[in-house]
>>> print(open('upload_11.txt').read())   # compact mmCIF, C-alpha atoms
# COMPACT_ATOMS: atom_id res chain seq x y z
CA MET A 19 -13.97 26.90 -26.23
CA THR A 20 -14.19 24.01 -23.90
CA ASP A 21 -11.86 23.23 -21.06
CA LEU A 22 -10.20 20.50 -23.06
CA SER A 23 -8.91 23.00 -25.57
CA MET A 24 -6.52 24.07 -22.84
CA TYR A 25 -5.00 20.60 -22.80
CA ARG A 26 -1.55 20.21 -24.17
CA MET A 27 -0.71 17.47 -26.58
CA SER A 28 1.46 15.75 -24.00
CA GLN A 29 -1.60 15.31 -21.78
CA LEU A 30 -3.45 13.18 -24.32
CA SER A 31 -3.18 9.44 -24.00
CA VAL A 32 -4.49 6.36 -25.71
CA GLY A 33 -7.80 5.29 -24.21
CA MET A 34 -8.73 8.82 -23.11
CA ASN A 35 -12.42 9.60 -23.59
CA LEU A 36 -13.40 12.82 -25.31
CA PRO A 37 -16.13 14.87 -23.62
CA GLU A 38 -19.44 13.62 -24.96
CA VAL A 39 -21.98 15.67 -26.87
CA ARG A 40 -25.66 14.97 -26.26
CA LYS A 41 -28.58 16.27 -28.32
CA GLU A 42 -32.32 15.75 -28.41
CA ILE A 43 -33.75 15.09 -31.87
CA THR A 44 -37.11 16.70 -32.55
CA GLN A 45 -39.14 17.21 -35.71
CA PRO A 46 -38.80 21.02 -35.50
CA LYS A 47 -35.01 20.59 -35.31
CA ILE A 48 -35.06 18.31 -38.36
CA ASN A 49 -37.23 20.82 -40.20
CA LEU A 50 -34.80 23.61 -39.30
CA TYR A 51 -31.89 21.55 -40.56
CA ALA A 52 -33.79 20.90 -43.82
CA GLU A 53 -34.09 24.68 -44.23
CA ALA A 54 -30.44 25.24 -43.41
CA SER A 55 -29.19 22.51 -45.71
CA GLN A 56 -31.93 22.84 -48.34
CA ASP A 57 -32.39 19.08 -48.15
CA PHE A 58 -36.15 18.63 -48.25
CA ASN A 59 -36.23 14.89 -48.87
CA PRO A 60 -39.72 13.93 -47.61
CA ILE A 61 -38.28 11.06 -45.57
CA HIS A 62 -37.06 13.79 -43.21
CA ILE A 63 -39.93 16.23 -43.13
CA ASP A 64 -43.16 14.65 -44.39
CA GLU A 65 -44.60 12.45 -41.68
CA ASP A 66 -47.39 11.04 -43.86
CA PHE A 67 -44.92 10.10 -46.58
CA ALA A 68 -42.33 8.71 -44.18
CA ARG A 69 -44.85 6.58 -42.31
CA LYS A 70 -45.51 4.62 -45.53
CA THR A 71 -41.83 3.88 -46.13
CA ALA A 72 -39.61 1.21 -44.62
CA ALA A 73 -38.40 3.85 -42.17
CA GLY A 74 -41.88 3.94 -40.66
CA GLY A 75 -41.62 7.62 -39.85
CA THR A 76 -39.43 10.63 -40.36
CA ILE A 77 -35.72 10.34 -39.71
CA ALA A 78 -33.05 12.94 -39.09
CA HIS A 79 -30.59 13.83 -41.83
CA GLY A 80 -27.41 11.83 -41.45
CA MET A 81 -25.42 15.04 -41.85
CA LEU A 82 -27.27 16.59 -38.91
CA VAL A 83 -26.14 13.80 -36.61
CA LEU A 84 -22.67 13.89 -38.17
CA SER A 85 -22.45 17.57 -37.27
CA TYR A 86 -22.58 16.54 -33.61
CA VAL A 87 -19.49 14.39 -34.14
CA SER A 88 -17.72 17.35 -35.68
CA GLN A 89 -18.81 19.51 -32.73
CA MET A 90 -17.21 17.07 -30.32
CA MET A 91 -13.97 17.15 -32.28
CA THR A 92 -14.03 20.95 -32.56
CA ASN A 93 -14.64 21.24 -28.83
CA VAL A 94 -11.49 19.27 -28.16
CA PHE A 95 -9.16 20.09 -31.03
CA GLY A 96 -10.36 23.53 -32.13
CA ARG A 97 -8.68 24.90 -35.22
CA SER A 98 -6.58 21.80 -35.66
CA TRP A 99 -9.81 19.97 -36.42
CA MET A 100 -11.04 22.65 -38.79
CA ALA A 101 -7.84 22.53 -40.84
CA GLY A 102 -6.45 19.05 -40.55
CA GLY A 103 -9.33 16.85 -39.42
CA ARG A 104 -10.56 13.73 -41.16
CA LEU A 105 -13.80 11.83 -40.67
CA ASN A 106 -14.67 8.41 -41.99
CA VAL A 107 -18.03 7.11 -40.79
CA ARG A 108 -20.82 4.74 -41.55
CA PHE A 109 -24.48 5.45 -40.93
CA LYS A 110 -25.92 2.39 -39.21
CA THR A 111 -29.36 3.34 -37.92
CA PRO A 112 -31.31 6.56 -38.43
CA ALA A 113 -31.98 8.99 -35.62
CA ARG A 114 -35.65 9.77 -35.14
CA PRO A 115 -37.70 12.49 -33.49
CA GLY A 116 -37.76 11.76 -29.76
CA ASP A 117 -34.29 10.23 -29.76
CA THR A 118 -31.52 11.41 -27.50
CA VAL A 119 -28.28 11.14 -29.44
CA THR A 120 -25.02 10.84 -27.54
CA VAL A 121 -21.68 11.23 -29.28
CA ASN A 122 -18.71 9.53 -27.68
CA GLY A 123 -15.10 9.49 -28.73
CA LYS A 124 -12.02 7.75 -27.48
CA ILE A 125 -8.40 8.22 -28.44
CA ASP A 126 -7.45 5.04 -30.18
CA ARG A 127 -3.91 5.77 -31.25
CA LEU A 128 -1.32 8.52 -31.02
CA ASP A 129 1.34 8.66 -33.67
CA ARG A 130 3.89 11.08 -32.22
CA GLN A 131 6.38 12.59 -34.62
CA GLU A 132 9.00 15.27 -34.15
CA GLU A 133 6.76 18.29 -34.49
CA ARG A 134 3.25 16.93 -34.78
CA THR A 135 1.13 14.10 -33.51
CA LEU A 136 -1.56 12.29 -35.42
CA VAL A 137 -4.46 11.60 -33.07
CA MET A 138 -6.80 8.82 -34.12
CA CYS A 139 -10.15 8.58 -32.37
CA GLU A 140 -12.93 6.06 -32.45
CA VAL A 141 -16.26 7.88 -32.66
CA ILE A 142 -19.73 6.54 -32.07
CA CYS A 143 -23.19 8.07 -31.92
CA SER A 144 -25.86 6.12 -30.17
CA ASN A 145 -29.44 6.64 -29.14
CA GLN A 146 -31.12 6.22 -25.76
CA ASN A 147 -31.58 2.50 -26.48
CA SER A 148 -27.85 2.06 -27.07
CA GLU A 149 -28.42 1.52 -30.77
CA THR A 150 -25.50 2.71 -32.89
CA ILE A 151 -26.42 5.52 -35.26
CA ILE A 152 -22.97 6.39 -36.56
CA THR A 153 -19.68 4.65 -36.10
CA GLY A 154 -16.29 5.47 -37.49
CA GLU A 155 -12.97 7.15 -37.07
CA ALA A 156 -11.80 10.72 -36.72
CA ARG A 157 -8.19 11.77 -37.20
CA VAL A 158 -6.55 15.05 -36.49
CA GLU A 159 -3.00 16.27 -36.71
CA VAL A 160 -1.89 18.62 -33.95
CA LYS A 161 1.35 20.38 -33.11
CA ASN A 162 3.31 18.96 -30.21
CA ASP A 163 3.71 20.80 -26.92
CA GLU A 164 1.21 23.48 -27.66
CA ASN A 165 -2.25 24.04 -26.38
CA ILE A 166 -4.46 22.08 -28.74
CA ASP A 167 -6.11 25.16 -30.04
CA MET B 27 -31.70 23.05 -61.32
CA PRO B 28 -34.97 22.10 -63.04
CA GLU B 29 -36.07 18.57 -62.17
CA GLU B 30 -35.91 17.45 -65.81
CA ASN B 31 -32.26 18.44 -66.04
CA LYS B 32 -31.19 16.34 -63.10
CA GLY B 33 -29.03 13.32 -63.77
CA GLU B 34 -30.84 10.02 -63.31
CA TYR B 35 -28.54 8.17 -61.01
CA ILE B 36 -28.95 4.82 -62.71
CA GLN B 37 -27.46 6.33 -65.87
CA LEU B 38 -24.50 8.02 -64.24
CA GLU B 39 -21.21 6.28 -64.82
CA THR B 40 -17.93 6.49 -63.01
CA GLY B 41 -16.22 9.73 -63.91
CA TYR B 42 -19.38 11.73 -64.55
CA GLU B 43 -18.80 15.26 -63.31
CA PHE B 44 -21.65 17.30 -61.91
CA PRO B 45 -21.72 20.94 -62.97
CA PRO B 46 -19.57 22.89 -60.47
CA LYS B 47 -21.48 25.11 -58.10
CA SER B 48 -20.23 28.30 -56.50
CA PHE B 49 -21.69 29.38 -53.22
CA ASN B 50 -21.15 32.03 -50.64
CA LEU B 51 -21.41 31.20 -46.98
CA ASP B 52 -22.86 34.47 -45.79
CA ALA B 53 -23.32 35.25 -42.13
CA GLU B 54 -27.06 34.58 -42.20
CA ALA B 55 -26.72 31.13 -43.81
CA VAL B 56 -24.03 30.17 -41.31
CA SER B 57 -26.14 31.46 -38.44
CA VAL B 58 -29.15 29.40 -39.58
CA TYR B 59 -26.90 26.36 -39.87
CA GLN B 60 -25.43 26.84 -36.40
CA LYS B 61 -28.90 27.24 -34.93
CA ALA B 62 -30.09 24.08 -36.69
CA VAL B 63 -27.21 21.98 -35.38
CA GLU B 64 -27.16 23.76 -31.99
CA ASP B 65 -23.52 24.70 -32.30
CA SER B 66 -22.77 27.68 -30.10
CA SER B 67 -18.99 27.26 -29.92
CA SER B 68 -17.31 30.54 -29.12
CA LEU B 69 -14.62 29.60 -31.62
CA TYR B 70 -16.90 30.74 -34.42
CA HIS B 71 -18.08 33.93 -32.74
CA ASP B 72 -14.55 35.06 -32.02
CA THR B 73 -13.00 34.26 -35.37
CA ASN B 74 -15.65 34.50 -38.11
CA LEU B 75 -14.82 30.92 -39.06
CA VAL B 76 -17.41 28.54 -40.49
CA PRO B 77 -18.01 25.10 -38.93
CA PRO B 78 -16.37 22.56 -41.23
CA LEU B 79 -19.54 20.48 -41.47
CA ALA B 80 -21.38 23.59 -42.65
CA VAL B 81 -18.95 23.84 -45.56
CA ALA B 82 -19.56 20.18 -46.30
CA THR B 83 -23.33 20.57 -46.07
CA PHE B 84 -23.48 23.51 -48.43
CA ALA B 85 -21.08 21.83 -50.82
CA MET B 86 -23.26 18.74 -50.91
CA LYS B 87 -26.20 20.74 -52.17
CA ILE B 88 -24.56 20.20 -55.53
CA LEU B 89 -25.65 16.60 -55.24
CA ALA B 90 -29.22 17.40 -54.34
CA GLU B 91 -29.45 19.88 -57.17
CA GLY B 92 -27.74 17.76 -59.78
CA LEU B 93 -28.92 14.28 -58.99
CA ALA B 94 -32.44 12.89 -59.02
CA LEU B 95 -32.19 10.71 -55.95
CA LEU B 96 -35.30 8.80 -55.09
CA PRO B 97 -36.66 9.34 -51.60
CA GLY B 98 -35.60 5.76 -50.86
CA ALA B 99 -31.92 6.65 -51.26
CA ILE B 100 -29.89 5.80 -48.17
CA HIS B 101 -26.76 7.67 -47.18
CA VAL B 102 -24.56 4.81 -45.97
CA SER B 103 -21.15 6.29 -45.40
CA GLN B 104 -19.28 9.54 -45.47
CA GLU B 105 -15.68 10.64 -45.54
CA PHE B 106 -14.40 14.17 -45.15
CA GLU B 107 -11.01 15.76 -44.95
CA PHE B 108 -10.97 19.33 -43.69
CA ILE B 109 -7.87 20.77 -45.31
CA ASP B 110 -8.22 24.44 -44.50
CA SER B 111 -10.58 26.58 -42.48
CA VAL B 112 -13.19 28.76 -44.18
CA SER B 113 -14.32 32.24 -43.16
CA VAL B 114 -17.80 33.70 -43.38
CA SER B 115 -18.55 35.24 -46.79
CA GLU B 116 -15.76 33.35 -48.52
CA LYS B 117 -16.80 32.34 -52.03
CA LEU B 118 -16.33 28.62 -52.56
CA THR B 119 -16.80 26.29 -55.49
CA SER B 120 -17.93 22.73 -55.10
CA TYR B 121 -17.03 19.96 -57.54
CA ALA B 122 -18.53 16.49 -57.49
CA LYS B 123 -17.79 13.43 -59.57
CA VAL B 124 -19.26 9.95 -59.62
CA GLY B 125 -16.76 7.52 -58.19
CA ARG B 126 -17.35 3.82 -57.99
CA THR B 127 -20.75 2.39 -58.90
CA ARG B 128 -21.91 -1.19 -58.53
CA SER B 129 -25.11 -3.21 -58.34
CA ARG B 130 -25.72 -5.89 -55.82
CA GLY B 131 -28.82 -7.72 -54.67
CA GLY B 132 -31.28 -5.37 -56.32
CA LEU B 133 -29.52 -2.30 -54.97
CA HIS B 134 -27.40 0.26 -56.76
CA LEU B 135 -24.39 1.57 -54.84
CA MET B 136 -22.76 4.80 -55.81
CA ASP B 137 -19.86 6.84 -54.47
CA VAL B 138 -19.63 10.53 -55.19
CA ASP B 139 -16.31 12.31 -54.69
CA LEU B 140 -16.51 15.90 -53.59
CA SER B 141 -14.00 18.73 -53.43
CA VAL B 142 -14.38 22.36 -52.43
CA LEU B 143 -12.02 25.10 -53.56
CA ASN B 144 -11.57 28.61 -52.22
CA PRO B 145 -11.11 31.73 -54.39
CA ASP B 146 -7.35 31.02 -54.52
CA HIS B 147 -8.17 27.63 -56.05
CA LYS B 148 -6.89 25.93 -52.96
CA THR B 149 -8.77 22.83 -51.88
CA VAL B 150 -10.33 23.38 -48.47
CA LEU B 151 -12.35 20.19 -48.20
CA THR B 152 -12.58 16.81 -49.87
CA GLY B 153 -15.06 14.05 -49.26
CA LYS B 154 -16.69 10.89 -50.45
CA THR B 155 -20.39 10.19 -50.08
CA SER B 156 -21.78 6.69 -50.56
CA PHE B 157 -25.41 6.01 -51.33
CA VAL B 158 -27.46 2.87 -51.69
CA LEU B 159 -30.33 3.29 -54.08
CA PRO B 160 -33.10 1.00 -55.26
CA GLU B 161 -32.00 -0.49 -58.59
CA GLN B 162 -35.50 -0.51 -60.00
CA GLY B 163 -37.12 2.86 -60.58
CA GLY B 164 -33.98 4.78 -61.30
CA LYS B 165 -36.09 7.02 -63.48
CA ARG B 166 -38.93 9.01 -62.09
>>> encode(input="upload_11.txt", output="structure tokens")
Amino acid sequence: MTDLSMYRMSQLSVGMNLPEVRKEITQPKINLYAEASQDFNPIHIDEDFARKTAAGGTIAHGMLVLSYVSQMMTNVFGRSWMAGGRLNVRFKTPARPGDTVTVNGKIDRLDRQEERTLVMCEVICSNQNSETIITGEARVEVKNDENID
Amino acid sequence: MPEENKGEYIQLETGYEFPPKSFNLDAEAVSVYQKAVEDSSSLYHDTNLVPPLAVATFAMKILAEGLALLPGAIHVSQEFEFIDSVSVSEKLTSYAKVGRTRSRGGLHLMDVDLSVLNPDHKTVLTGKTSFVLPEQGGKR
């Protein structure tokens, strides 16, 4: 559990940045994800194949990078994210071995209701060259006046 | 699923339902997943819960197993709604259905709607995956 999970709903505000998640992408990590997900598309794991495609080399699975977004949301919103979270993203540019991927999130809107608040966050994953890998929105509904998790 | 039994995406029309697939997120599979995505959150250690993206990932195997996607397929967008949490060893069933399809500029676009149910037949996750695929060479 991260420190933010001790936040109370009333402490969240529009414009607040979520604590970023940063990961290094390597070919062994991509290969491990292929094993875990059973997604052995050669564009991810076969360097000779991938080099001859428009990608010009292997790329990470989109769902691997998306998992980092979910990690950021879980770190902040805990169980509320796991049962009440929504993600809507677009994959813009692939992540490649050697990339450093940073996930950032910012609270975009808070829709406070009597017992619960809908928190809408802008999420973005970018690489070390500030190229956008994933962009989109995450929403989570949390109970008011309770620790987030 | 044998390669010859896979659906050729170019022939799949809106409403086509992939064969449902049941799966069990055992502790080892979840552990391998967490290692692969470098997710060491204590939330999972303390509660036996499964990361929601792990549920989504395993559920989406139904696509890989039921759909002959060419290596040139591009995953362009993704939606998920995590409706309920899932515990390790819970038996889940994944359902997938072709949503909207359209062709544009030599590319074939396809949405696949996904839902995952727990043993009580309660939906724990829904999603929509959108692919862009080369229009030529739909058969391989």
>>> closest_atom_pairs(input="upload_11.txt", of="range 92-164 of chain A", to="range 151-162 of chain B", cutoff="12 Å", atoms="all atoms listed in the file", output="JSON lines")
{"residue": "A:Met100", "atom": "CA", "partner": "B:Leu151", "partner_atom": "CA", "distance": 9.8}
{"residue": "A:Ala101", "atom": "CA", "partner": "B:Leu151", "partner_atom": "CA", "distance": 8.9}
{"residue": "A:Gly102", "atom": "CA", "partner": "B:Leu151", "partner_atom": "CA", "distance": 9.7}
{"residue": "A:Gly103", "atom": "CA", "partner": "B:Leu151", "partner_atom": "CA", "distance": 9.9}
{"residue": "A:Arg104", "atom": "CA", "partner": "B:Gly153", "partner_atom": "CA", "distance": 9.3}
{"residue": "A:Leu105", "atom": "CA", "partner": "B:Gly153", "partner_atom": "CA", "distance": 9.0}
{"residue": "A:Asn106", "atom": "CA", "partner": "B:Lys154", "partner_atom": "CA", "distance": 9.0}
{"residue": "A:Val107", "atom": "CA", "partner": "B:Thr155", "partner_atom": "CA", "distance": 10.1}
{"residue": "A:Arg108", "atom": "CA", "partner": "B:Ser156", "partner_atom": "CA", "distance": 9.3}
{"residue": "A:Phe109", "atom": "CA", "partner": "B:Ser156", "partner_atom": "CA", "distance": 10.1}
>>> atom_distance(input="upload_11.txt", atom1="CA of Leu50 in chain A", atom2="CA of Arg114 in chain A")
14.5 Å
>>> residues_around(input="upload_11.txt", residues="range 57-70 of chain B", least_positions_apart="2", cutoff="7 Å", atoms="only C-alpha atoms", output="PyMOL selection string")
(chain A and resi 19+47+50-51+54+82+85) or (chain B and resi 53-55+72-76+80)
>>> residues_around(input="upload_11.txt", residues="range 65-68 of chain A", least_positions_apart="4", cutoff="12 Å", atoms="all atoms listed in the file", output="PyMOL selection string")
(chain A and resi 45+48-49+59-61+72-78+114-115) or (chain B and resi 97-98)
>>> closest_residue(input="upload_11.txt", among="B:Asp110, B:Asp146, B:Asp139, B:Glu116", to="chain A", atoms="only C-alpha atoms")
B:Asp110
>>> atom_distance(input="upload_11.txt", atom1="CA of Met27 in chain A", atom2="CA of Phe106 in chain B")
23.3 Å
>>> closest_residue(input="upload_11.txt", among="A:Gln131, A:Ser88, A:Thr118, A:Asn145", to="chain B", atoms="all atoms listed in the file")
A:Ser88
>>> decode(input="upload_11.txt", residues="range 103-129 of chain B", atoms="N, CA and C atoms", output="mmCIF file, in the first residue's frame")
data_model
loop_
_atom_site.group_PDB
_atom_site.id
_atom_site.type_symbol
_atom_site.label_atom_id
_atom_site.label_comp_id
_atom_site.auth_asym_id
_atom_site.auth_seq_id
_atom_site.Cartn_x
_atom_site.Cartn_y
_atom_site.Cartn_z
ATOM 1 N N SER B 103 -7.020 0.541 -29.198
ATOM 2 C CA SER B 103 -7.628 1.120 -28.004
ATOM 3 C C SER B 103 -8.191 0.022 -27.114
ATOM 4 N N GLN B 104 -8.430 0.398 -25.881
ATOM 5 C CA GLN B 104 -8.875 -0.594 -24.915
ATOM 6 C C GLN B 104 -9.733 0.067 -23.848
ATOM 7 N N GLU B 105 -10.840 -0.574 -23.558
ATOM 8 C CA GLU B 105 -11.675 -0.126 -22.448
ATOM 9 C C GLU B 105 -11.843 -1.293 -21.475
ATOM 10 N N PHE B 106 -11.845 -0.988 -20.203
ATOM 11 C CA PHE B 106 -12.149 -1.993 -19.193
ATOM 12 C C PHE B 106 -13.011 -1.371 -18.118
ATOM 13 N N GLU B 107 -13.896 -2.172 -17.580
ATOM 14 C CA GLU B 107 -14.580 -1.800 -16.350
ATOM 15 C C GLU B 107 -14.389 -2.946 -15.364
ATOM 16 N N PHE B 108 -13.789 -2.623 -14.236
ATOM 17 C CA PHE B 108 -13.550 -3.632 -13.206
ATOM 18 C C PHE B 108 -14.723 -3.578 -12.227
ATOM 19 N N ILE B 109 -15.596 -4.558 -12.330
ATOM 20 C CA ILE B 109 -16.856 -4.495 -11.588
ATOM 21 C C ILE B 109 -16.719 -5.111 -10.200
ATOM 22 N N ASP B 110 -15.975 -6.187 -10.126
ATOM 23 C CA ASP B 110 -15.770 -6.804 -8.815
ATOM 24 C C ASP B 110 -14.369 -7.400 -8.761
ATOM 25 N N SER B 111 -13.843 -7.488 -7.557
ATOM 26 C CA SER B 111 -12.491 -8.037 -7.409
ATOM 27 C C SER B 111 -12.534 -9.565 -7.555
ATOM 28 N N VAL B 112 -11.375 -10.126 -7.866
ATOM 29 C CA VAL B 112 -11.250 -11.566 -8.112
ATOM 30 C C VAL B 112 -10.164 -12.112 -7.200
ATOM 31 N N SER B 113 -10.418 -13.270 -6.618
ATOM 32 C CA SER B 113 -9.436 -13.901 -5.733
ATOM 33 C C SER B 113 -8.687 -14.996 -6.474
ATOM 34 N N VAL B 114 -7.491 -15.271 -5.990
ATOM 35 C CA VAL B 114 -6.677 -16.348 -6.551
ATOM 36 C C VAL B 114 -7.479 -17.650 -6.500
ATOM 37 N N SER B 115 -7.364 -18.420 -7.565
ATOM 38 C CA SER B 115 -8.004 -19.732 -7.721
ATOM 39 C C SER B 115 -9.494 -19.675 -8.037
ATOM 40 N N GLU B 116 -10.022 -18.479 -8.207
ATOM 41 C CA GLU B 116 -11.425 -18.366 -8.585
ATOM 42 C C GLU B 116 -11.574 -18.817 -10.044
ATOM 43 N N LYS B 117 -12.584 -19.622 -10.324
ATOM 44 C CA LYS B 117 -12.796 -20.065 -11.702
ATOM 45 C C LYS B 117 -13.646 -19.020 -12.426
ATOM 46 N N LEU B 118 -13.136 -18.559 -13.542
ATOM 47 C CA LEU B 118 -13.810 -17.504 -14.300
ATOM 48 C C LEU B 118 -14.121 -17.998 -15.703
ATOM 49 N N THR B 119 -15.094 -17.375 -16.316
ATOM 50 C CA THR B 119 -15.408 -17.700 -17.712
ATOM 51 C C THR B 119 -15.432 -16.416 -18.517
ATOM 52 N N SER B 120 -14.741 -16.474 -19.627
ATOM 53 C CA SER B 120 -14.588 -15.303 -20.479
ATOM 54 C C SER B 120 -15.444 -15.461 -21.739
ATOM 55 N N TYR B 121 -16.170 -14.415 -22.062
ATOM 56 C CA TYR B 121 -17.012 -14.395 -23.263
ATOM 57 C C TYR B 121 -16.563 -13.232 -24.140
ATOM 58 N N ALA B 122 -16.487 -13.473 -25.429
ATOM 59 C CA ALA B 122 -16.089 -12.395 -26.337
ATOM 60 C C ALA B 122 -16.971 -12.429 -27.571
ATOM 61 N N LYS B 123 -17.281 -11.253 -28.062
ATOM 62 C CA LYS B 123 -18.197 -11.128 -29.197
ATOM 63 C C LYS B 123 -17.686 -10.004 -30.101
ATOM 64 N N VAL B 124 -17.781 -10.220 -31.388
ATOM 65 C CA VAL B 124 -17.366 -9.167 -32.317
ATOM 66 C C VAL B 124 -18.372 -8.025 -32.252
ATOM 67 N N GLY B 125 -17.858 -6.837 -32.003
ATOM 68 C CA GLY B 125 -18.703 -5.657 -31.988
ATOM 69 C C GLY B 125 -18.729 -5.027 -33.370
ATOM 70 N N ARG B 126 -18.399 -3.787 -33.417
ATOM 71 C CA ARG B 126 -18.441 -3.073 -34.684
ATOM 72 C C ARG B 126 -17.257 -3.480 -35.578
ATOM 73 N N THR B 127 -17.512 -3.611 -36.872
ATOM 74 C CA THR B 127 -16.417 -3.804 -37.822
ATOM 75 C C THR B 127 -16.588 -2.794 -38.946
ATOM 76 N N ARG B 128 -15.517 -2.330 -39.491
ATOM 77 C CA ARG B 128 -15.585 -1.412 -40.629
ATOM 78 C C ARG B 128 -14.256 -1.442 -41.365
ATOM 79 N N SER B 129 -14.306 -1.056 -42.637
ATOM 80 C CA SER B 129 -13.099 -1.000 -43.466
ATOM 81 C C SER B 129 -12.881 0.426 -43.912
#
